[in-house]
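> Data: coords.cif, mmCIF, N, CA, C and O atoms.
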data_coords
loop_
_atom_site.label_atom_id
_atom_site.label_comp_id
_atom_site.auth_asym_id
_atom_site.auth_seq_id
_atom_site.Cartn_x
_atom_site.Cartn_y
_atom_site.Cartn_z
N MET A 69 -55.61 -54.94 30.13
CA MET A 69 -56.56 -54.81 29.05
C MET A 69 -57.98 -54.81 29.63
O MET A 69 -58.28 -55.58 30.54
N GLU A 70 -58.80 -53.96 29.10
CA GLU A 70 -60.22 -53.92 29.49
C GLU A 70 -61.06 -54.14 28.24
O GLU A 70 -60.82 -53.54 27.20
N LEU A 71 -62.04 -55.02 28.36
CA LEU A 71 -62.94 -55.30 27.26
C LEU A 71 -64.39 -55.17 27.73
O LEU A 71 -64.68 -55.51 28.89
N THR A 72 -65.26 -54.74 26.86
CA THR A 72 -66.68 -54.79 27.17
C THR A 72 -67.14 -56.23 26.92
O THR A 72 -66.44 -57.01 26.25
N ALA A 73 -68.32 -56.58 27.42
CA ALA A 73 -68.85 -57.92 27.18
C ALA A 73 -68.99 -58.17 25.68
O ALA A 73 -68.74 -59.28 25.19
N GLN A 74 -69.34 -57.12 24.93
CA GLN A 74 -69.48 -57.24 23.48
C GLN A 74 -68.12 -57.53 22.83
O GLN A 74 -68.02 -58.38 21.95
N GLN A 75 -67.09 -56.83 23.26
CA GLN A 75 -65.74 -57.05 22.71
C GLN A 75 -65.23 -58.45 23.06
O GLN A 75 -64.54 -59.09 22.27
N LEU A 76 -65.56 -58.93 24.26
CA LEU A 76 -65.12 -60.25 24.72
C LEU A 76 -65.62 -61.35 23.79
O LEU A 76 -64.94 -62.35 23.58
N LYS A 77 -66.79 -61.16 23.20
CA LYS A 77 -67.39 -62.17 22.31
C LYS A 77 -66.48 -62.51 21.13
O LYS A 77 -66.57 -63.60 20.57
N ALA A 78 -65.60 -61.58 20.74
CA ALA A 78 -64.70 -61.82 19.61
C ALA A 78 -63.65 -62.89 19.92
O ALA A 78 -62.98 -63.39 19.01
N TYR A 79 -63.52 -63.25 21.20
CA TYR A 79 -62.49 -64.21 21.62
C TYR A 79 -63.14 -65.56 22.00
O TYR A 79 -62.81 -66.15 23.01
N ASP A 80 -64.06 -66.01 21.15
CA ASP A 80 -64.81 -67.23 21.44
C ASP A 80 -64.25 -68.47 20.75
O ASP A 80 -64.84 -69.54 20.79
N GLY A 81 -63.09 -68.32 20.10
CA GLY A 81 -62.46 -69.46 19.46
C GLY A 81 -62.82 -69.67 18.00
O GLY A 81 -62.27 -70.54 17.35
N THR A 82 -63.76 -68.88 17.48
CA THR A 82 -64.15 -69.06 16.08
C THR A 82 -63.14 -68.46 15.11
O THR A 82 -63.10 -68.84 13.95
N ASP A 83 -62.32 -67.52 15.59
CA ASP A 83 -61.26 -66.93 14.77
C ASP A 83 -59.93 -67.50 15.25
O ASP A 83 -59.45 -67.14 16.32
N PRO A 84 -59.34 -68.42 14.46
CA PRO A 84 -58.11 -69.07 14.92
C PRO A 84 -56.92 -68.13 15.13
O PRO A 84 -55.95 -68.50 15.78
N SER A 85 -57.02 -66.90 14.63
CA SER A 85 -55.92 -65.95 14.82
C SER A 85 -56.00 -65.23 16.16
O SER A 85 -55.09 -64.50 16.54
N LYS A 86 -57.10 -65.42 16.90
CA LYS A 86 -57.28 -64.77 18.20
C LYS A 86 -57.24 -65.80 19.33
O LYS A 86 -57.64 -66.95 19.15
N PRO A 87 -56.80 -65.37 20.52
CA PRO A 87 -56.84 -66.28 21.68
C PRO A 87 -58.29 -66.52 22.11
O PRO A 87 -59.21 -65.83 21.67
N ILE A 88 -58.47 -67.52 22.95
CA ILE A 88 -59.79 -67.83 23.50
C ILE A 88 -59.82 -67.33 24.95
O ILE A 88 -58.93 -67.67 25.73
N TYR A 89 -60.83 -66.52 25.26
CA TYR A 89 -60.96 -65.96 26.60
C TYR A 89 -62.24 -66.42 27.27
O TYR A 89 -63.28 -66.54 26.63
N VAL A 90 -62.14 -66.65 28.58
CA VAL A 90 -63.30 -66.90 29.44
C VAL A 90 -63.13 -66.00 30.66
O VAL A 90 -62.04 -65.93 31.23
N ALA A 91 -64.20 -65.30 31.04
CA ALA A 91 -64.13 -64.44 32.21
C ALA A 91 -64.84 -65.10 33.39
O ALA A 91 -65.84 -65.81 33.22
N ILE A 92 -64.28 -64.87 34.57
CA ILE A 92 -64.89 -65.30 35.83
C ILE A 92 -64.86 -64.10 36.76
O ILE A 92 -63.80 -63.53 37.00
N LYS A 93 -66.02 -63.72 37.26
CA LYS A 93 -66.15 -62.56 38.14
C LYS A 93 -65.46 -61.33 37.53
O LYS A 93 -64.80 -60.57 38.22
N GLY A 94 -65.61 -61.19 36.20
CA GLY A 94 -65.10 -60.01 35.52
C GLY A 94 -63.63 -60.06 35.17
O GLY A 94 -63.13 -59.16 34.50
N ARG A 95 -62.92 -61.09 35.60
CA ARG A 95 -61.51 -61.22 35.24
C ARG A 95 -61.41 -62.13 34.03
O ARG A 95 -62.01 -63.21 34.01
N ILE A 96 -60.64 -61.71 33.03
CA ILE A 96 -60.52 -62.45 31.78
C ILE A 96 -59.30 -63.37 31.83
O ILE A 96 -58.18 -62.93 32.08
N PHE A 97 -59.55 -64.65 31.56
CA PHE A 97 -58.49 -65.65 31.51
C PHE A 97 -58.27 -66.07 30.05
O PHE A 97 -59.24 -66.26 29.31
N ASP A 98 -57.00 -66.22 29.67
CA ASP A 98 -56.66 -66.72 28.34
C ASP A 98 -56.64 -68.24 28.43
O ASP A 98 -55.71 -68.83 28.98
N VAL A 99 -57.69 -68.88 27.91
CA VAL A 99 -57.83 -70.34 28.01
C VAL A 99 -57.43 -71.03 26.70
O VAL A 99 -57.79 -72.19 26.47
N THR A 100 -56.67 -70.33 25.85
CA THR A 100 -56.27 -70.88 24.56
C THR A 100 -55.58 -72.24 24.73
O THR A 100 -55.76 -73.14 23.90
N ALA A 101 -54.81 -72.40 25.80
CA ALA A 101 -54.13 -73.68 26.05
C ALA A 101 -55.14 -74.82 26.23
O ALA A 101 -54.82 -75.98 26.01
N GLY A 102 -56.36 -74.48 26.62
CA GLY A 102 -57.42 -75.47 26.78
C GLY A 102 -58.36 -75.48 25.58
O GLY A 102 -59.55 -75.72 25.72
N ASN A 103 -57.79 -75.25 24.40
CA ASN A 103 -58.57 -75.17 23.17
C ASN A 103 -59.50 -76.36 22.96
O ASN A 103 -60.62 -76.21 22.49
N SER A 104 -59.05 -77.56 23.35
CA SER A 104 -59.89 -78.75 23.15
C SER A 104 -61.16 -78.69 24.01
O SER A 104 -62.16 -79.31 23.66
N PHE A 105 -61.12 -77.93 25.11
CA PHE A 105 -62.30 -77.76 25.97
C PHE A 105 -63.14 -76.56 25.55
O PHE A 105 -64.37 -76.63 25.51
N TYR A 106 -62.47 -75.43 25.28
CA TYR A 106 -63.16 -74.15 25.09
C TYR A 106 -63.33 -73.74 23.63
O TYR A 106 -64.10 -72.85 23.33
N GLY A 107 -62.58 -74.38 22.74
CA GLY A 107 -62.68 -74.06 21.33
C GLY A 107 -63.96 -74.61 20.72
O GLY A 107 -64.71 -75.35 21.38
N PRO A 108 -64.23 -74.27 19.47
CA PRO A 108 -65.44 -74.75 18.79
C PRO A 108 -65.57 -76.26 18.88
O PRO A 108 -64.61 -76.99 18.61
N GLY A 109 -66.73 -76.73 19.32
CA GLY A 109 -66.97 -78.16 19.46
C GLY A 109 -66.50 -78.75 20.77
O GLY A 109 -66.78 -79.91 21.06
N GLY A 110 -65.79 -77.95 21.58
CA GLY A 110 -65.30 -78.44 22.86
C GLY A 110 -66.43 -78.54 23.89
O GLY A 110 -67.48 -77.92 23.73
N ALA A 111 -66.18 -79.30 24.94
CA ALA A 111 -67.21 -79.54 25.96
C ALA A 111 -67.67 -78.26 26.65
O ALA A 111 -68.80 -78.19 27.13
N TYR A 112 -66.81 -77.24 26.70
CA TYR A 112 -67.14 -75.99 27.38
C TYR A 112 -67.12 -74.80 26.43
O TYR A 112 -66.90 -73.67 26.85
N CYS A 113 -67.34 -75.05 25.14
CA CYS A 113 -67.26 -73.98 24.14
C CYS A 113 -68.30 -72.88 24.39
O CYS A 113 -68.09 -71.73 23.99
N MET A 114 -69.38 -73.21 25.10
CA MET A 114 -70.41 -72.18 25.37
C MET A 114 -69.91 -71.10 26.32
O MET A 114 -70.52 -70.05 26.43
N PHE A 115 -68.79 -71.33 27.00
CA PHE A 115 -68.23 -70.33 27.93
C PHE A 115 -67.26 -69.38 27.22
O PHE A 115 -66.96 -68.31 27.75
N ALA A 116 -66.76 -69.78 26.07
CA ALA A 116 -65.73 -69.00 25.37
C ALA A 116 -66.28 -67.65 24.92
O ALA A 116 -67.39 -67.56 24.39
N GLY A 117 -65.50 -66.61 25.18
CA GLY A 117 -65.90 -65.26 24.79
C GLY A 117 -66.95 -64.66 25.70
O GLY A 117 -67.57 -63.66 25.36
N LYS A 118 -67.13 -65.25 26.89
CA LYS A 118 -68.17 -64.76 27.80
C LYS A 118 -67.68 -64.80 29.24
O LYS A 118 -66.69 -65.44 29.57
N ASP A 119 -68.44 -64.13 30.11
CA ASP A 119 -68.24 -64.27 31.56
C ASP A 119 -69.14 -65.43 31.98
O ASP A 119 -70.36 -65.33 31.90
N ALA A 120 -68.54 -66.51 32.39
CA ALA A 120 -69.27 -67.74 32.70
C ALA A 120 -69.49 -67.93 34.20
O ALA A 120 -69.76 -69.03 34.65
N SER A 121 -69.42 -66.86 34.98
CA SER A 121 -69.47 -66.97 36.44
C SER A 121 -70.68 -67.76 36.95
O SER A 121 -70.53 -68.71 37.72
N ARG A 122 -71.87 -67.37 36.55
CA ARG A 122 -73.08 -68.02 37.05
C ARG A 122 -73.13 -69.50 36.65
O ARG A 122 -73.45 -70.37 37.45
N ALA A 123 -72.80 -69.78 35.39
CA ALA A 123 -72.83 -71.17 34.90
C ALA A 123 -71.85 -72.04 35.69
O ALA A 123 -72.18 -73.17 36.06
N LEU A 124 -70.65 -71.52 35.95
CA LEU A 124 -69.67 -72.29 36.71
C LEU A 124 -70.15 -72.51 38.14
O LEU A 124 -70.01 -73.61 38.68
N ALA A 125 -70.73 -71.49 38.73
CA ALA A 125 -71.23 -71.61 40.11
C ALA A 125 -72.32 -72.67 40.22
O ALA A 125 -72.38 -73.42 41.18
N LYS A 126 -73.16 -72.74 39.19
CA LYS A 126 -74.29 -73.68 39.19
C LYS A 126 -73.94 -75.01 38.52
O LYS A 126 -74.80 -75.89 38.42
N MET A 127 -72.68 -75.14 38.05
CA MET A 127 -72.26 -76.34 37.32
C MET A 127 -73.23 -76.60 36.17
O MET A 127 -73.73 -77.70 35.99
N SER A 128 -73.52 -75.55 35.42
CA SER A 128 -74.52 -75.60 34.35
C SER A 128 -73.90 -75.27 33.00
O SER A 128 -73.01 -74.43 32.91
N LYS A 129 -74.40 -75.93 31.98
CA LYS A 129 -74.00 -75.59 30.61
C LYS A 129 -75.16 -74.94 29.86
O LYS A 129 -75.11 -74.79 28.65
N ASN A 130 -76.20 -74.58 30.58
CA ASN A 130 -77.36 -73.94 29.96
C ASN A 130 -77.02 -72.52 29.54
O ASN A 130 -76.47 -71.76 30.34
N GLU A 131 -77.38 -72.17 28.32
CA GLU A 131 -77.05 -70.86 27.76
C GLU A 131 -77.52 -69.71 28.67
O GLU A 131 -76.82 -68.73 28.85
N GLU A 132 -78.70 -69.86 29.29
CA GLU A 132 -79.23 -68.77 30.13
C GLU A 132 -78.41 -68.56 31.40
O GLU A 132 -78.51 -67.52 32.04
N ASP A 133 -77.61 -69.55 31.77
CA ASP A 133 -76.76 -69.41 32.96
C ASP A 133 -75.39 -68.83 32.64
O ASP A 133 -74.63 -68.50 33.55
N VAL A 134 -75.04 -68.73 31.36
CA VAL A 134 -73.72 -68.20 30.99
C VAL A 134 -73.79 -66.68 31.02
O VAL A 134 -73.98 -65.99 30.03
N THR A 135 -73.68 -66.16 32.25
CA THR A 135 -73.84 -64.74 32.52
C THR A 135 -72.97 -64.35 33.72
O THR A 135 -72.66 -65.22 34.55
N PRO A 136 -72.59 -63.08 33.82
CA PRO A 136 -71.80 -62.65 34.98
C PRO A 136 -72.64 -62.48 36.25
O PRO A 136 -72.08 -62.30 37.33
N SER A 137 -73.97 -62.56 36.16
CA SER A 137 -74.83 -62.29 37.31
C SER A 137 -74.65 -63.33 38.42
O SER A 137 -74.76 -64.54 38.18
N LEU A 138 -74.39 -62.84 39.62
CA LEU A 138 -74.27 -63.71 40.79
C LEU A 138 -75.51 -63.60 41.69
O LEU A 138 -75.55 -64.19 42.77
N ASP A 139 -76.52 -62.86 41.24
CA ASP A 139 -77.73 -62.64 42.03
C ASP A 139 -78.41 -63.96 42.38
O ASP A 139 -78.65 -64.80 41.51
N GLY A 140 -78.71 -64.11 43.66
CA GLY A 140 -79.48 -65.26 44.12
C GLY A 140 -78.71 -66.56 44.23
O GLY A 140 -79.30 -67.59 44.51
N LEU A 141 -77.41 -66.53 44.02
CA LEU A 141 -76.63 -67.76 44.19
C LEU A 141 -76.51 -68.11 45.66
O LEU A 141 -76.40 -67.23 46.51
N SER A 142 -76.55 -69.40 45.95
CA SER A 142 -76.43 -69.86 47.34
C SER A 142 -74.97 -69.77 47.78
O SER A 142 -74.05 -69.60 46.97
N GLU A 143 -74.77 -69.92 49.07
CA GLU A 143 -73.42 -69.91 49.63
C GLU A 143 -72.61 -71.06 49.02
O GLU A 143 -71.43 -70.90 48.69
N LYS A 144 -73.26 -72.21 48.86
CA LYS A 144 -72.59 -73.37 48.27
C LYS A 144 -72.17 -73.07 46.83
O LYS A 144 -71.05 -73.39 46.43
N GLU A 145 -73.07 -72.47 46.06
CA GLU A 145 -72.76 -72.13 44.67
C GLU A 145 -71.61 -71.13 44.59
O GLU A 145 -70.73 -71.24 43.72
N MET A 146 -71.59 -70.16 45.50
CA MET A 146 -70.47 -69.20 45.52
C MET A 146 -69.16 -69.92 45.84
O MET A 146 -68.11 -69.59 45.29
N GLY A 147 -69.22 -70.91 46.70
CA GLY A 147 -68.04 -71.71 47.02
C GLY A 147 -67.54 -72.47 45.80
O GLY A 147 -66.33 -72.55 45.55
N VAL A 148 -68.48 -73.04 45.04
CA VAL A 148 -68.13 -73.75 43.80
C VAL A 148 -67.46 -72.78 42.83
O VAL A 148 -66.43 -73.10 42.22
N LEU A 149 -68.02 -71.58 42.70
CA LEU A 149 -67.45 -70.57 41.80
C LEU A 149 -66.03 -70.19 42.24
O LEU A 149 -65.12 -70.10 41.42
N ASN A 150 -65.84 -70.01 43.54
CA ASN A 150 -64.52 -69.67 44.05
C ASN A 150 -63.51 -70.78 43.77
O ASN A 150 -62.35 -70.50 43.45
N ASP A 151 -63.96 -72.04 43.85
CA ASP A 151 -63.09 -73.17 43.52
C ASP A 151 -62.69 -73.14 42.04
O ASP A 151 -61.53 -73.36 41.70
N TRP A 152 -63.67 -72.86 41.17
CA TRP A 152 -63.38 -72.74 39.74
C TRP A 152 -62.38 -71.62 39.49
O TRP A 152 -61.44 -71.76 38.71
N GLU A 153 -62.59 -70.50 40.18
CA GLU A 153 -61.71 -69.35 40.00
C GLU A 153 -60.27 -69.73 40.37
O GLU A 153 -59.32 -69.38 39.65
N LYS A 154 -60.10 -70.46 41.46
CA LYS A 154 -58.76 -70.89 41.88
C LYS A 154 -58.13 -71.82 40.85
O LYS A 154 -56.94 -71.73 40.56
N LYS A 155 -58.94 -72.72 40.28
CA LYS A 155 -58.43 -73.63 39.25
C LYS A 155 -57.96 -72.85 38.03
O LYS A 155 -56.91 -73.13 37.47
N PHE A 156 -58.76 -71.86 37.61
CA PHE A 156 -58.39 -71.05 36.46
C PHE A 156 -57.12 -70.25 36.75
O PHE A 156 -56.24 -70.15 35.90
N GLU A 157 -57.04 -69.68 37.96
CA GLU A 157 -55.85 -68.90 38.34
C GLU A 157 -54.59 -69.75 38.26
O GLU A 157 -53.52 -69.26 37.88
N ALA A 158 -54.70 -71.01 38.64
CA ALA A 158 -53.55 -71.90 38.65
C ALA A 158 -53.15 -72.35 37.24
O ALA A 158 -51.99 -72.66 36.98
N LYS A 159 -54.11 -72.36 36.33
CA LYS A 159 -53.89 -72.96 35.01
C LYS A 159 -53.73 -71.96 33.87
O LYS A 159 -53.02 -72.24 32.90
N TYR A 160 -54.43 -70.82 33.95
CA TYR A 160 -54.48 -69.90 32.82
C TYR A 160 -54.07 -68.48 33.22
O TYR A 160 -54.40 -68.02 34.31
N PRO A 161 -53.40 -67.77 32.30
CA PRO A 161 -53.03 -66.37 32.61
C PRO A 161 -54.23 -65.43 32.62
O PRO A 161 -55.16 -65.59 31.81
N ILE A 162 -54.21 -64.47 33.53
CA ILE A 162 -55.23 -63.42 33.57
C ILE A 162 -54.75 -62.31 32.63
O ILE A 162 -53.62 -61.84 32.76
N VAL A 163 -55.60 -61.95 31.68
CA VAL A 163 -55.16 -60.98 30.66
C VAL A 163 -55.92 -59.65 30.73
O VAL A 163 -55.60 -58.72 30.01
N GLY A 164 -56.94 -59.57 31.60
CA GLY A 164 -57.67 -58.31 31.67
C GLY A 164 -58.94 -58.42 32.48
O GLY A 164 -59.14 -59.39 33.21
N THR A 165 -59.78 -57.40 32.33
CA THR A 165 -61.06 -57.37 33.03
C THR A 165 -62.17 -56.97 32.07
O THR A 165 -61.92 -56.33 31.04
N VAL A 166 -63.38 -57.37 32.44
CA VAL A 166 -64.56 -57.01 31.65
C VAL A 166 -65.17 -55.76 32.25
O VAL A 166 -65.31 -55.65 33.48
N ILE A 167 -65.53 -54.81 31.40
CA ILE A 167 -66.19 -53.57 31.85
C ILE A 167 -67.68 -53.76 31.67
O ILE A 167 -68.15 -54.02 30.56
N TYR A 168 -68.43 -53.64 32.77
CA TYR A 168 -69.90 -53.79 32.71
C TYR A 168 -70.58 -52.47 32.86
O TYR A 168 -70.14 -51.59 33.53
#
Could you show the structure in this file as structure tokens?


Amino acid sequence: MELTAQQLKAYDGTDPSKPIYVAIKGRIFDVTAGNSFYGPGGAYCMFAGKDASRALAKMSKNEEDVTPSLDGLSEKEMGVLNDWEKKFEAKYPIVGTVIY
């Protein structure tokens, strides 16, 4: 499945009939099993329906960091992002990619 960033927004957990998706480096993960984290009111709900690569790399929950842009990230931040990616791969199914 391929989704645009705009289409991905529909999977932010606000519609209970749809799964919850979070993308990392353009790969979309179905995080519905982590609804308590990613669903409305969850600690990481700001990542739902978006590519959260930059925010995860920077360990940030700031809205301006919830973007696919990796520009200017340090080597350490890229390492953090890669660790997050591995955690997601182990825990959640990959269901598609984001088209930019």

> Using only N, CA, C and O atoms, can you tell me which of A:Lys144, A:Lys86, A:Lys159, A:Lys129 comes closest to A:Met114?

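Nearest candidate to A:Met114 out of A:Lys144, A:Lys86, A:Lys159, A:Lys129: A:Lys129.
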
> Run DSSP on the backbone and tell me which residues of chain A come out as helix (DSSP H, G or I); list them as a tab-separated table (two decimals) with N, CA, C and O atoms, in the coordinates of the input.


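Done, and the output landed in states.tsv:
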chain	number	residue	atom	x	y	z
A	73	ALA	N	-68.32	-56.58	27.42
A	73	ALA	CA	-68.85	-57.92	27.18
A	73	ALA	C	-68.99	-58.17	25.68
A	73	ALA	O	-68.74	-59.28	25.19
A	74	GLN	N	-69.34	-57.12	24.93
A	74	GLN	CA	-69.48	-57.24	23.48
A	74	GLN	C	-68.12	-57.53	22.83
A	74	GLN	O	-68.02	-58.38	21.95
A	75	GLN	N	-67.09	-56.83	23.26
A	75	GLN	CA	-65.74	-57.05	22.71
A	75	GLN	C	-65.23	-58.45	23.06
A	75	GLN	O	-64.54	-59.09	22.27
A	76	LEU	N	-65.56	-58.93	24.26
A	76	LEU	CA	-65.12	-60.25	24.72
A	76	LEU	C	-65.62	-61.35	23.79
A	76	LEU	O	-64.94	-62.35	23.58
A	77	LYS	N	-66.79	-61.16	23.20
A	77	LYS	CA	-67.39	-62.17	22.31
A	77	LYS	C	-66.48	-62.51	21.13
A	77	LYS	O	-66.57	-63.60	20.57
A	78	ALA	N	-65.60	-61.58	20.74
A	78	ALA	CA	-64.70	-61.82	19.61
A	78	ALA	C	-63.65	-62.89	19.92
A	78	ALA	O	-62.98	-63.39	19.01
A	79	TYR	N	-63.52	-63.25	21.20
A	79	TYR	CA	-62.49	-64.21	21.62
A	79	TYR	C	-63.14	-65.56	22.00
A	79	TYR	O	-62.81	-66.15	23.01
A	100	THR	N	-56.67	-70.33	25.85
A	100	THR	CA	-56.27	-70.88	24.56
A	100	THR	C	-55.58	-72.24	24.73
A	100	THR	O	-55.76	-73.14	23.90
A	101	ALA	N	-54.81	-72.40	25.80
A	101	ALA	CA	-54.13	-73.68	26.05
A	101	ALA	C	-55.14	-74.82	26.23
A	101	ALA	O	-54.82	-75.98	26.01
A	102	GLY	N	-56.36	-74.48	26.62
A	102	GLY	CA	-57.42	-75.47	26.78
A	102	GLY	C	-58.36	-75.48	25.58
A	102	GLY	O	-59.55	-75.72	25.72
A	103	ASN	N	-57.79	-75.25	24.40
A	103	ASN	CA	-58.57	-75.17	23.17
A	103	ASN	C	-59.50	-76.36	22.96
A	103	ASN	O	-60.62	-76.21	22.49
A	104	SER	N	-59.05	-77.56	23.35
A	104	SER	CA	-59.89	-78.75	23.15
A	104	SER	C	-61.16	-78.69	24.01
A	104	SER	O	-62.16	-79.31	23.66
A	105	PHE	N	-61.12	-77.93	25.11
A	105	PHE	CA	-62.30	-77.76	25.97
A	105	PHE	C	-63.14	-76.56	25.55
A	105	PHE	O	-64.37	-76.63	25.51
A	106	TYR	N	-62.47	-75.43	25.28
A	106	TYR	CA	-63.16	-74.15	25.09
A	106	TYR	C	-63.33	-73.74	23.63
A	106	TYR	O	-64.10	-72.85	23.33
A	113	CYS	N	-67.34	-75.05	25.14
A	113	CYS	CA	-67.26	-73.98	24.14
A	113	CYS	C	-68.30	-72.88	24.39
A	113	CYS	O	-68.09	-71.73	23.99
A	114	MET	N	-69.38	-73.21	25.10
A	114	MET	CA	-70.41	-72.18	25.37
A	114	MET	C	-69.91	-71.10	26.32
A	114	MET	O	-70.52	-70.05	26.43
A	115	PHE	N	-68.79	-71.33	27.00
A	115	PHE	CA	-68.23	-70.33	27.93
A	115	PHE	C	-67.26	-69.38	27.22
A	115	PHE	O	-66.96	-68.31	27.75
A	121	SER	N	-69.42	-66.86	34.98
A	121	SER	CA	-69.47	-66.97	36.44
A	121	SER	C	-70.68	-67.76	36.95
A	121	SER	O	-70.53	-68.71	37.72
A	122	ARG	N	-71.87	-67.37	36.55
A	122	ARG	CA	-73.08	-68.02	37.05
A	122	ARG	C	-73.13	-69.50	36.65
A	122	ARG	O	-73.45	-70.37	37.45
A	123	ALA	N	-72.80	-69.78	35.39
A	123	ALA	CA	-72.83	-71.17	34.90
A	123	ALA	C	-71.85	-72.04	35.69
A	123	ALA	O	-72.18	-73.17	36.06
A	124	LEU	N	-70.65	-71.52	35.95
A	124	LEU	CA	-69.67	-72.29	36.71
A	124	LEU	C	-70.15	-72.51	38.14
A	124	LEU	O	-70.01	-73.61	38.68
A	125	ALA	N	-70.73	-71.49	38.73
A	125	ALA	CA	-71.23	-71.61	40.11
A	125	ALA	C	-72.32	-72.67	40.22
A	125	ALA	O	-72.38	-73.42	41.18
A	126	LYS	N	-73.16	-72.74	39.19
A	126	LYS	CA	-74.29	-73.68	39.19
A	126	LYS	C	-73.94	-75.01	38.52
A	126	LYS	O	-74.80	-75.89	38.42
A	131	GLU	N	-77.38	-72.17	28.32
A	131	GLU	CA	-77.05	-70.86	27.76
A	131	GLU	C	-77.52	-69.71	28.67
A	131	GLU	O	-76.82	-68.73	28.85
A	132	GLU	N	-78.70	-69.86	29.29
A	132	GLU	CA	-79.23	-68.77	30.13
A	132	GLU	C	-78.41	-68.56	31.40
A	132	GLU	O	-78.51	-67.52	32.04
A	133	ASP	N	-77.61	-69.55	31.77
A	133	ASP	CA	-76.76	-69.41	32.96
A	133	ASP	C	-75.39	-68.83	32.64
A	133	ASP	O	-74.63	-68.50	33.55
A	143	GLU	N	-74.77	-69.92	49.07
A	143	GLU	CA	-73.42	-69.91	49.63
A	143	GLU	C	-72.61	-71.06	49.02
A	143	GLU	O	-71.43	-70.90	48.69
A	144	LYS	N	-73.26	-72.21	48.86
A	144	LYS	CA	-72.59	-73.37	48.27
A	144	LYS	C	-72.17	-73.07	46.83
A	144	LYS	O	-71.05	-73.39	46.43
A	145	GLU	N	-73.07	-72.47	46.06
A	145	GLU	CA	-72.76	-72.13	44.67
A	145	GLU	C	-71.61	-71.13	44.59
A	145	GLU	O	-70.73	-71.24	43.72
A	146	MET	N	-71.59	-70.16	45.50
A	146	MET	CA	-70.47	-69.20	45.52
A	146	MET	C	-69.16	-69.92	45.84
A	146	MET	O	-68.11	-69.59	45.29
A	147	GLY	N	-69.22	-70.91	46.70
A	147	GLY	CA	-68.04	-71.71	47.02
A	147	GLY	C	-67.54	-72.47	45.80
A	147	GLY	O	-66.33	-72.55	45.55
A	148	VAL	N	-68.48	-73.04	45.04
A	148	VAL	CA	-68.13	-73.75	43.80
A	148	VAL	C	-67.46	-72.78	42.83
A	148	VAL	O	-66.43	-73.10	42.22
A	149	LEU	N	-68.02	-71.58	42.70
A	149	LEU	CA	-67.45	-70.57	41.80
A	149	LEU	C	-66.03	-70.19	42.24
A	149	LEU	O	-65.12	-70.10	41.42
A	150	ASN	N	-65.84	-70.01	43.54
A	150	ASN	CA	-64.52	-69.67	44.05
A	150	ASN	C	-63.51	-70.78	43.77
A	150	ASN	O	-62.35	-70.50	43.45
A	151	ASP	N	-63.96	-72.04	43.85
A	151	ASP	CA	-63.09	-73.17	43.52
A	151	ASP	C	-62.69	-73.14	42.04
A	151	ASP	O	-61.53	-73.36	41.70
A	152	TRP	N	-63.67	-72.86	41.17
A	152	TRP	CA	-63.38	-72.74	39.74
A	152	TRP	C	-62.38	-71.62	39.49
A	152	TRP	O	-61.44	-71.76	38.71
A	153	GLU	N	-62.59	-70.50	40.18
A	153	GLU	CA	-61.71	-69.35	40.00
A	153	GLU	C	-60.27	-69.73	40.37
A	153	GLU	O	-59.32	-69.38	39.65
A	154	LYS	N	-60.10	-70.46	41.46
A	154	LYS	CA	-58.76	-70.89	41.88
A	154	LYS	C	-58.13	-71.82	40.85
A	154	LYS	O	-56.94	-71.73	40.56
A	155	LYS	N	-58.94	-72.72	40.28
A	155	LYS	CA	-58.43	-73.63	39.25
A	155	LYS	C	-57.96	-72.85	38.03
A	155	LYS	O	-56.91	-73.13	37.47
A	156	PHE	N	-58.76	-71.86	37.61
A	156	PHE	CA	-58.39	-71.05	36.46
A	156	PHE	C	-57.12	-70.25	36.75
A	156	PHE	O	-56.24	-70.15	35.90
A	157	GLU	N	-57.04	-69.68	37.96
A	157	GLU	CA	-55.85	-68.90	38.34
A	157	GLU	C	-54.59	-69.75	38.26
A	157	GLU	O	-53.52	-69.26	37.88
A	158	ALA	N	-54.70	-71.01	38.64
A	158	ALA	CA	-53.55	-71.90	38.65
A	158	ALA	C	-53.15	-72.35	37.24
A	158	ALA	O	-51.99	-72.66	36.98
A	159	LYS	N	-54.11	-72.36	36.33
A	159	LYS	CA	-53.89	-72.96	35.01
A	159	LYS	C	-53.73	-71.96	33.87
A	159	LYS	O	-53.02	-72.24	32.90

> Report the residues retrieved by the PyMOL selection byres ((chain A and resi 166) around 6) from the displayed file, expressed as number ranges by chain.

A: 69-73, 94-96, 164-165, 167-168

> Quick one: distance from atom N of A:Thr100 to atom CA of A:Pro87 in Å, one decimal?

5.8 Å

> Write out as a PDB file with N, CA, C and O atoms, keeping the file's coordinate frame the residues lying within 5 Å of A:Ala120, counting all atoms listed in the file and excluding same-chain residues fewer than 6 positions away.


ATOM      1  N   ALA A  91     -64.200 -65.300  31.040  1.00  0.00           N
ATOM      2  CA  ALA A  91     -64.130 -64.440  32.210  1.00  0.00           C
ATOM      3  C   ALA A  91     -64.840 -65.100  33.390  1.00  0.00           C
ATOM      4  O   ALA A  91     -65.840 -65.810  33.220  1.00  0.00           O
ATOM      5  N   VAL A 134     -75.040 -68.730  31.360  1.00  0.00           N
ATOM      6  CA  VAL A 134     -73.720 -68.200  30.990  1.00  0.00           C
ATOM      7  C   VAL A 134     -73.790 -66.680  31.020  1.00  0.00           C
ATOM      8  O   VAL A 134     -73.980 -65.990  30.030  1.00  0.00           O
ATOM      9  N   THR A 135     -73.680 -66.160  32.250  1.00  0.00           N
ATOM     10  CA  THR A 135     -73.840 -64.740  32.520  1.00  0.00           C
ATOM     11  C   THR A 135     -72.970 -64.350  33.720  1.00  0.00           C
ATOM     12  O   THR A 135     -72.660 -65.220  34.550  1.00  0.00           O
TER      13      THR A 135
END

> Expressed in Å to a single decimal, how great is the separation between atom N of A:Lys118 and atom O of A:Glu132?

12.7 Å

> Could you please determine the separation between atom N of A:Ile88 and atom N of A:Asn150 in Å, to one decimal place?

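About the pair atom N of A:Ile88 and atom N of A:Asn150: they are 22.0 Å apart.
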
> Taking only N, CA, C and O atoms into account, which of A:Pro136, A:Pro161, A:Gly147, A:Pro84 comes nearest A:Asp119?

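Of the candidates, the smallest distance to A:Asp119 is held by A:Pro136.
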